[in-house]
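Novice: Sharing a structure below in structure tokens format, with a few things to ask.
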Amino acid sequence: ASTALPTPEQPRTSAPVTETSREAAPPSVRAWVDEIAALTTPDRIVWCTGSEDERQRLLDEMVLAGTLIALDPALRPGSYLARSDPDDVARVEDRTFICSRTADEAGPTNNWVDPEQMRSRLRDVFAGSMRGRTMYVVPFSMGPIGSPLAKFGVQITDSPYVVVSMGVMTRMGTTALERITEAAGWVPAVHSVGAPLVEGAVDVPWPCNATKYISHFPETREIWSFGSAYGGNALLAKKAFALRIASVIARDEGWLAEHMLILKVTNPRGRVFHAVAAFPSACGKTNLAMLRPTIPGWTVETIGDDIAWLAEDADGRLRAINPEAGFFGVAPDTSRSTNETAIETLWGNTIFTNVALDDNNDVWWEGMTDTVPDHLLDWRGADWTPSSSTPAAHPNSRFTVAAAQCPSIADDWDDPRGVVIDAIIFGGRRATNVPLVVEARDWEHGVYLGATISSERTAAAEGTLGELRRDPFAMVPFCGYNMADYWAHWLAVGESLQARGTAPRIFQVNWFRKGENGRFLWPGFGENSRVLAWILDRVDGTASAVDSPLGLMPAPGALNLDGLSLTEGARESLFEVDRASWIAEVDSTELFLEGFGSRVPAQLTDQLGELRSRLLG
Ligand code: GTP
Ligand code: SPV
Ligand code: MN
């Protein structure tokens with residue numbers, strides 16, 4: 001019997017109950033599972049069905065084991081808090097490896113290790129790594145099952161937290177397994193927390209290993225992840241498959257796998273648009289995807305918040321699907337005033353990781369409410385008061401929740417055909433220089449804008465906060481091959497679209513420019529609808545623009561600022577192009593491009609030259 005659901009309108013959080021066994025799997029999956037079991041020597045093997053019963057059983061087991069804390073069901077039904085190991089809180093980019101045949105194929109932005117050398121290291125660390133634990137076999141589909149754009153994978157993991165999270169983030173279980181065929185192909189992903197339980201040892205709430213390997217083999221399309229149970233390190237369908245491996249498949253098959261949100265916008269005249277936007281980690285994708293417009297007549301609906309797969313359809317139009325089925329979103333600063341839609345999505349059936357626990361057994365994080373609770377348990381479980389010197393929630397604390405539970409989810413969000421894309425937006429977190437919005441002159445200029453994005457580092461990955469780094473297309477941590485070849489691939493896709501007159505327009509935005517007082521010049525969040533309106537009016541042919549060295553900017557009056565009280569001079573500062581600092585920017589871009597040697601497409605060095613002469617002109 002199925003577990004009683006908290007409310008009648010609760011959507012499915014995983015696939016329906018169906019009978020399964022290893023017999024449902026094609027021989028290649030069975031043989032691989034046997035091989036990994038022989039290597040990792042788990043005590044038990046469980047083939048996951050994705051049923052509600054299975055999910056509840058795993059949740060109950062994790063509560064008993066101390067991995068999860070059940071929140072008060074009257075306040076937040078079906079919801080749990082996980083506290084990770086304090087050393088396992090974000091993606092580990094310096095332990096993320098692209099093991100292509102040659103270092104050149106991985107390119108200068110990836111950590112490359114020779115595949116044979118990595119295989120032998122992995123064999124050593126995975127040998128016996130699941131002793132005393134259960135090995136779960138987790139079949140999944142990225143994209144609506146039956147979509148021509150969808151792809152299958154199977155993750156093996158010894159973490160029940162990962163199983164339950166994969167059940168939210170993907171279409172997981174028997175419905176996926178039954179459709180995996182040798183012909184369709186599937187991506188194998190092996191994951192172990194790397195903490196075998198030897199005879200009589202007691203487990204810890206969040207097992208992991210100080211040594212981590214997040215390894216990808218682009219040629220054989222394999223993923224091996226060891227030592228972490230956190231987010232992108234461990235939910236291998238997400239960044240490892242849907243971006244790093246998928247970007248390689250996409251290059252070979254002529255489509256695009258991108259770190260992009262997808263949204264649907266309806267203008268006051270009822271015209272529907274779809275747009276995608278790539279911003280680096282923790283730079284506003286979830287917030288833009290769930291935006292509530294502050295300007296009248298506009299509606300924004302959500303299709304995806306992190307990853308988009310885009311391909312040309314039979315009519316030559318670029319279509320996008322969201323390969324995921326859930327959100328793994330940043331908690332801090334999510335509030336009714338910044339992202340009311342997210343707050344409403346999180347009413348129940350949510351797994352929170354590394355947020356604070358209040359005295360009512362509910363969650364809290366910095367920026368959630370105006371008033372700060374007098375007492376909390378912080379993300380490590382220690383007493384916390386407003387006078388504490390460390391944040392109550394970890395800066396990269398997150399929520400995991402089904403997309404179907406989002407009140408702004410679009411009716412076409414899981415359309416197997418995907419949605420036709422009208423605009424592509426690139427962005428980053430830049431306190432200086434980069435204007436609020438710029439339109440690219442054409443596809444090549446748009447690719448230049450995407451390729452030269454830089455952004456201040458956030459807590460989404462281990463590293464120095466605030467440090468400026470290049471993050472082309474927001475894909476530096478996620479591109480499975482040489483970034484210069486990736487730019488060439490974007491140019492090739494654009495050539496085909498431009499030839500058919502169907503290429504989406506490309507824009508660059510920056511919500512994070514600061515004034516001299518160090519405060520954001522732009523209010524952001526719902527007010528970003530004003531920028532979206534200009535972008536889509538440009539697509540519609542109804543908004544005017546003026547030229548600038550950087551590209552096209554809103555003509556005076558074209559950006560709707562009605563009812564918005566910007567500080568004195570903010571409108572000008574948001575669009576200011578300081579020639580001296582832009583020439584410095586161009587110099588640094590030139591050095592950056594030189595790092596890729598002769599692989600850099602000539603179109604991009606041409607764009608750089610044109611930008612320099614416009615700035616000097
Ligand atoms: P990942 O899940 O790591 O890929 O992040 P994301 O790109 O989805 O970023 P998200 O929307 O979660 O936002 C990250 C942080 O930026 C949050 O703390 C937001 O509150 C903040 N943020 C988002 N949009 C805006 C904005 O328009 N203005 C300002 N000032 N902050 C924003
Ligand atoms: C990101 O870092 O871009 C995320 C979180 O979306 S993770 O899944 O950990 O990659
Ligand atoms: Mn992301």
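Naming works like this for the structure tokens: A, B, ... for the chains as they're shown, residue 1 at the start of each chain, ligands 1 onward in shown order.
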Please write out the residues within 7 Å of ligand 2 as a PyMOL selection string, counting only C-alpha atoms and all ligand atoms.
Specialist: chain A and resi 90-91+230-233+238-239+280-282+306+328-329+460-461
Novice: Could you pull out the residues sitting within 9 Å of ligand 1, using only C-alpha atoms and all ligand atoms, and write them as a PyMOL selection string?
Specialist: chain A and resi 259-261+278-290+305-307+327-335+338-339+367+395-396+398+429+458-461+510-513+520-528
Novice: Write out as a list in words which residues come within 12 Å of Arg571 (chain A) when counting only C-alpha atoms, dropping same-chain ones fewer than 5 positions away.
Specialist: Pro435, Leu436, Val437, Arg513, Lys514, Gly515, Leu521, Trp522, Pro523, Pro554, Ala555, Pro556, Gly557, Leu559, Asn560, Leu561, Leu564, Ser565, Leu566 and Glu576 of chain A
Novice: Those residues you just picked out, can you put them in a file as a short mmCIF file (atom, residue, chain, number, x, y, z; two decimals), in the first residue's frame with N, CA, C and O atoms?
Specialist:
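File written: part.cif
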```
data_model
loop_
_atom_site.label_atom_id
_atom_site.label_comp_id
_atom_site.auth_asym_id
_atom_site.auth_seq_id
_atom_site.Cartn_x
_atom_site.Cartn_y
_atom_site.Cartn_z
N PRO A 435 27.13 46.25 -18.03
CA PRO A 435 25.84 46.94 -17.94
C PRO A 435 24.68 46.01 -17.58
O PRO A 435 24.79 44.79 -17.70
N LEU A 436 23.56 46.63 -17.20
CA LEU A 436 22.37 45.87 -16.82
C LEU A 436 21.92 44.95 -17.94
O LEU A 436 21.60 43.78 -17.71
N VAL A 437 21.89 45.48 -19.17
CA VAL A 437 21.51 44.62 -20.30
C VAL A 437 22.11 45.14 -21.60
O VAL A 437 22.19 46.35 -21.81
N ARG A 513 25.64 44.92 -10.53
CA ARG A 513 26.52 46.09 -10.56
C ARG A 513 26.28 46.94 -9.31
O ARG A 513 25.15 47.12 -8.87
N LYS A 514 27.38 47.44 -8.75
CA LYS A 514 27.27 48.20 -7.51
C LYS A 514 27.62 49.66 -7.71
O LYS A 514 28.42 50.01 -8.60
N GLY A 515 27.05 50.50 -6.86
CA GLY A 515 27.37 51.93 -6.88
C GLY A 515 28.57 52.20 -6.00
O GLY A 515 29.16 51.29 -5.40
N LEU A 521 23.08 48.56 -7.60
CA LEU A 521 22.39 49.66 -8.26
C LEU A 521 20.98 49.26 -8.69
O LEU A 521 20.11 50.10 -8.86
N TRP A 522 20.81 47.96 -8.90
CA TRP A 522 19.55 47.46 -9.46
C TRP A 522 18.85 46.60 -8.41
O TRP A 522 19.50 45.76 -7.78
N PRO A 523 17.53 46.79 -8.20
CA PRO A 523 16.86 46.05 -7.13
C PRO A 523 16.73 44.54 -7.41
O PRO A 523 16.57 43.76 -6.47
N PRO A 554 19.10 49.61 -24.25
CA PRO A 554 17.77 50.23 -24.36
C PRO A 554 17.88 51.72 -24.69
O PRO A 554 18.68 52.43 -24.08
N ALA A 555 17.10 52.16 -25.68
CA ALA A 555 17.03 53.58 -25.99
C ALA A 555 16.39 54.30 -24.80
O ALA A 555 15.68 53.66 -24.02
N PRO A 556 16.63 55.62 -24.69
CA PRO A 556 15.99 56.34 -23.58
C PRO A 556 14.48 56.07 -23.57
O PRO A 556 13.83 56.17 -24.60
N GLY A 557 13.97 55.67 -22.42
CA GLY A 557 12.54 55.41 -22.29
C GLY A 557 12.12 54.00 -22.68
O GLY A 557 11.00 53.57 -22.40
N LEU A 559 13.37 51.11 -21.66
CA LEU A 559 13.33 50.22 -20.50
C LEU A 559 12.30 50.79 -19.53
O LEU A 559 12.42 51.92 -19.07
N ASN A 560 11.26 50.00 -19.26
CA ASN A 560 10.18 50.47 -18.39
C ASN A 560 10.67 50.60 -16.94
O ASN A 560 10.95 49.59 -16.28
N LEU A 561 10.78 51.86 -16.46
CA LEU A 561 11.21 52.10 -15.08
C LEU A 561 10.07 52.71 -14.27
O LEU A 561 10.30 53.23 -13.17
N LEU A 564 9.47 52.72 -10.28
CA LEU A 564 10.67 52.20 -9.64
C LEU A 564 11.48 53.37 -9.11
O LEU A 564 11.78 54.30 -9.85
N SER A 565 11.85 53.34 -7.83
CA SER A 565 12.64 54.45 -7.32
C SER A 565 14.11 54.04 -7.23
O SER A 565 14.55 53.46 -6.26
N LEU A 566 14.82 54.29 -8.33
CA LEU A 566 16.26 54.05 -8.33
C LEU A 566 16.94 55.21 -7.63
O LEU A 566 16.42 56.32 -7.62
N GLU A 576 26.66 52.63 -17.81
CA GLU A 576 27.90 53.35 -18.10
C GLU A 576 28.95 52.41 -18.70
O GLU A 576 29.13 51.28 -18.23
#
```
Novice: Excluding Val420 (chain A) and residues on its chain fewer than 6 positions from it, collect all residues at most 8 Å away from it, counting only C-alpha atoms, and give them as a PDB file with N, CA and C atoms, in the first residue's frame.
Specialist:
```
ATOM      1  N   HIS A 274       9.687  31.935 -25.162  1.00  0.00           N
ATOM      2  CA  HIS A 274      10.499  31.109 -24.266  1.00  0.00           C
ATOM      3  C   HIS A 274      11.936  31.602 -24.338  1.00  0.00           C
ATOM      4  N   ARG A 317      14.031  25.137 -35.917  1.00  0.00           N
ATOM      5  CA  ARG A 317      13.958  26.015 -34.743  1.00  0.00           C
ATOM      6  C   ARG A 317      14.678  25.373 -33.559  1.00  0.00           C
ATOM      7  N   LEU A 318      15.260  26.236 -32.719  1.00  0.00           N
ATOM      8  CA  LEU A 318      15.967  25.724 -31.547  1.00  0.00           C
ATOM      9  C   LEU A 318      14.952  25.449 -30.441  1.00  0.00           C
ATOM     10  N   ARG A 319      14.906  24.198 -30.001  1.00  0.00           N
ATOM     11  CA  ARG A 319      13.978  23.806 -28.933  1.00  0.00           C
ATOM     12  C   ARG A 319      14.765  23.389 -27.702  1.00  0.00           C
ATOM     13  N   ALA A 320      14.162  23.588 -26.521  1.00  0.00           N
ATOM     14  CA  ALA A 320      14.841  23.235 -25.268  1.00  0.00           C
ATOM     15  C   ALA A 320      13.954  22.349 -24.407  1.00  0.00           C
TER      16      ALA A 320
END
```
Novice: List every residue of region 76-252 of chain A that DSSP, applied to the backbone, labels as helix (DSSP H, G or I), and write the result as an NGL selection string.
Specialist: :A and (93-95 or 103-106 or 115-126 or 160-169 or 174-177 or 231-234 or 237-252)
Novice: Would you pick out the contacts of Asp43 (chain A) at 6 Å or less, using only C-alpha atoms, so that residues sharing its chain but fewer than 6 positions from it are not included, and give the list as a list in words?
Specialist: Gly132, Arg133 and Thr134 of chain A
Novice: Quick one: residues within 12 Å of Thr181 (chain A), only C-alpha atoms counted, chain neighbours fewer than 3 positions away excluded, as a list in words?
Specialist: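 Skipping anything fewer than 3 positions along the chain leaves Ala24, Ala25, Pro26, Pro27, Ser28, Val29, Lys151, Phe152, Gly153, Ala176, Leu177, Glu178, Ala184, Gly185, Trp186 and Val187 of chain A.
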Novice: Using DSSP secondary structure from the backbone, list all strand (DSSP E) positions within region 505-573 of chain A, as number ranges by chain.
Specialist: A: 505-509, 545-548, 551-554
Novice: Restricting the calculation to only C-alpha atoms and all ligand atoms, which member of A:Ala558, A:Leu59, A:Met475, A:Val276 is positioned closest to ligand 3?
Specialist: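 Nearest to ligand 3: A:Met475.
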Novice: Here is a test: counting only C-alpha atoms, which residue of A:Leu357, A:Leu64, A:Leu604, A:Ala393 is nearest to Leu377 (chain A)?
Specialist: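 Selected residue with least distance to Leu377 (chain A): A:Leu357.
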Novice: Give me the residues near Asn349 (chain A) as a count of residues only, where near means some atom within 8 Å (using only C-alpha atoms) and where sequence neighbours in that chain fewer than 4 positions away do not count.
Specialist: 6
Novice: Please determine, counting only C-alpha atoms and all ligand atoms, which residue among A:Glu61, A:Asp114, A:Glu258, A:Ser613 has the shortest atom-to-atom distance to ligand 3.
Specialist: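 For ligand 3, the nearest of the given residues is A:Glu258.
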Novice: To one decimal place in Å, what is the distance between CA of Val600 (chain A) and CA of Pro477 (chain A)?
Specialist: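 Atom-to-atom, CA of Val600 (chain A) and CA of Pro477 (chain A) are spaced 18.8 Å apart.
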Novice: Please, what distance in Å, to one decimal, runs between CA of Asp414 (chain A) and CA of Trp347 (chain A)?
Specialist: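 Between CA of Asp414 (chain A) and CA of Trp347 (chain A) the gap is 22.0 Å.
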Novice: Looking at only C-alpha atoms and all ligand atoms, which of A:Val46, A:Leu243, A:Ala106, A:Ile506 is the one that sits closest to ligand 3?
Specialist: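 So, comparing all the options, the nearest one is A:Leu243.
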Novice: How many Å lie between CA of Gly200 (chain A) and CA of Phe226 (chain A), rounded to one decimal?
Specialist: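 Computed distance, CA of Gly200 (chain A) to CA of Phe226 (chain A), equals 23.1 Å.
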Novice: Rank nothing, just name the residue among A:Glu253, A:Asp359, A:Glu572, A:Glu444 nearest to Ala488 (chain A), using only C-alpha atoms.
Specialist: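 Going through A:Glu253, A:Asp359, A:Glu572, A:Glu444 one by one, the smallest distance to Ala488 (chain A) is for A:Glu444.
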Novice: Out of A:Cys479, A:Ala229, A:Val137, A:Val248, which residue has the shortest atom-to-atom distance to Ser84 (chain A) when counting only C-alpha atoms?
Specialist: A:Ala229
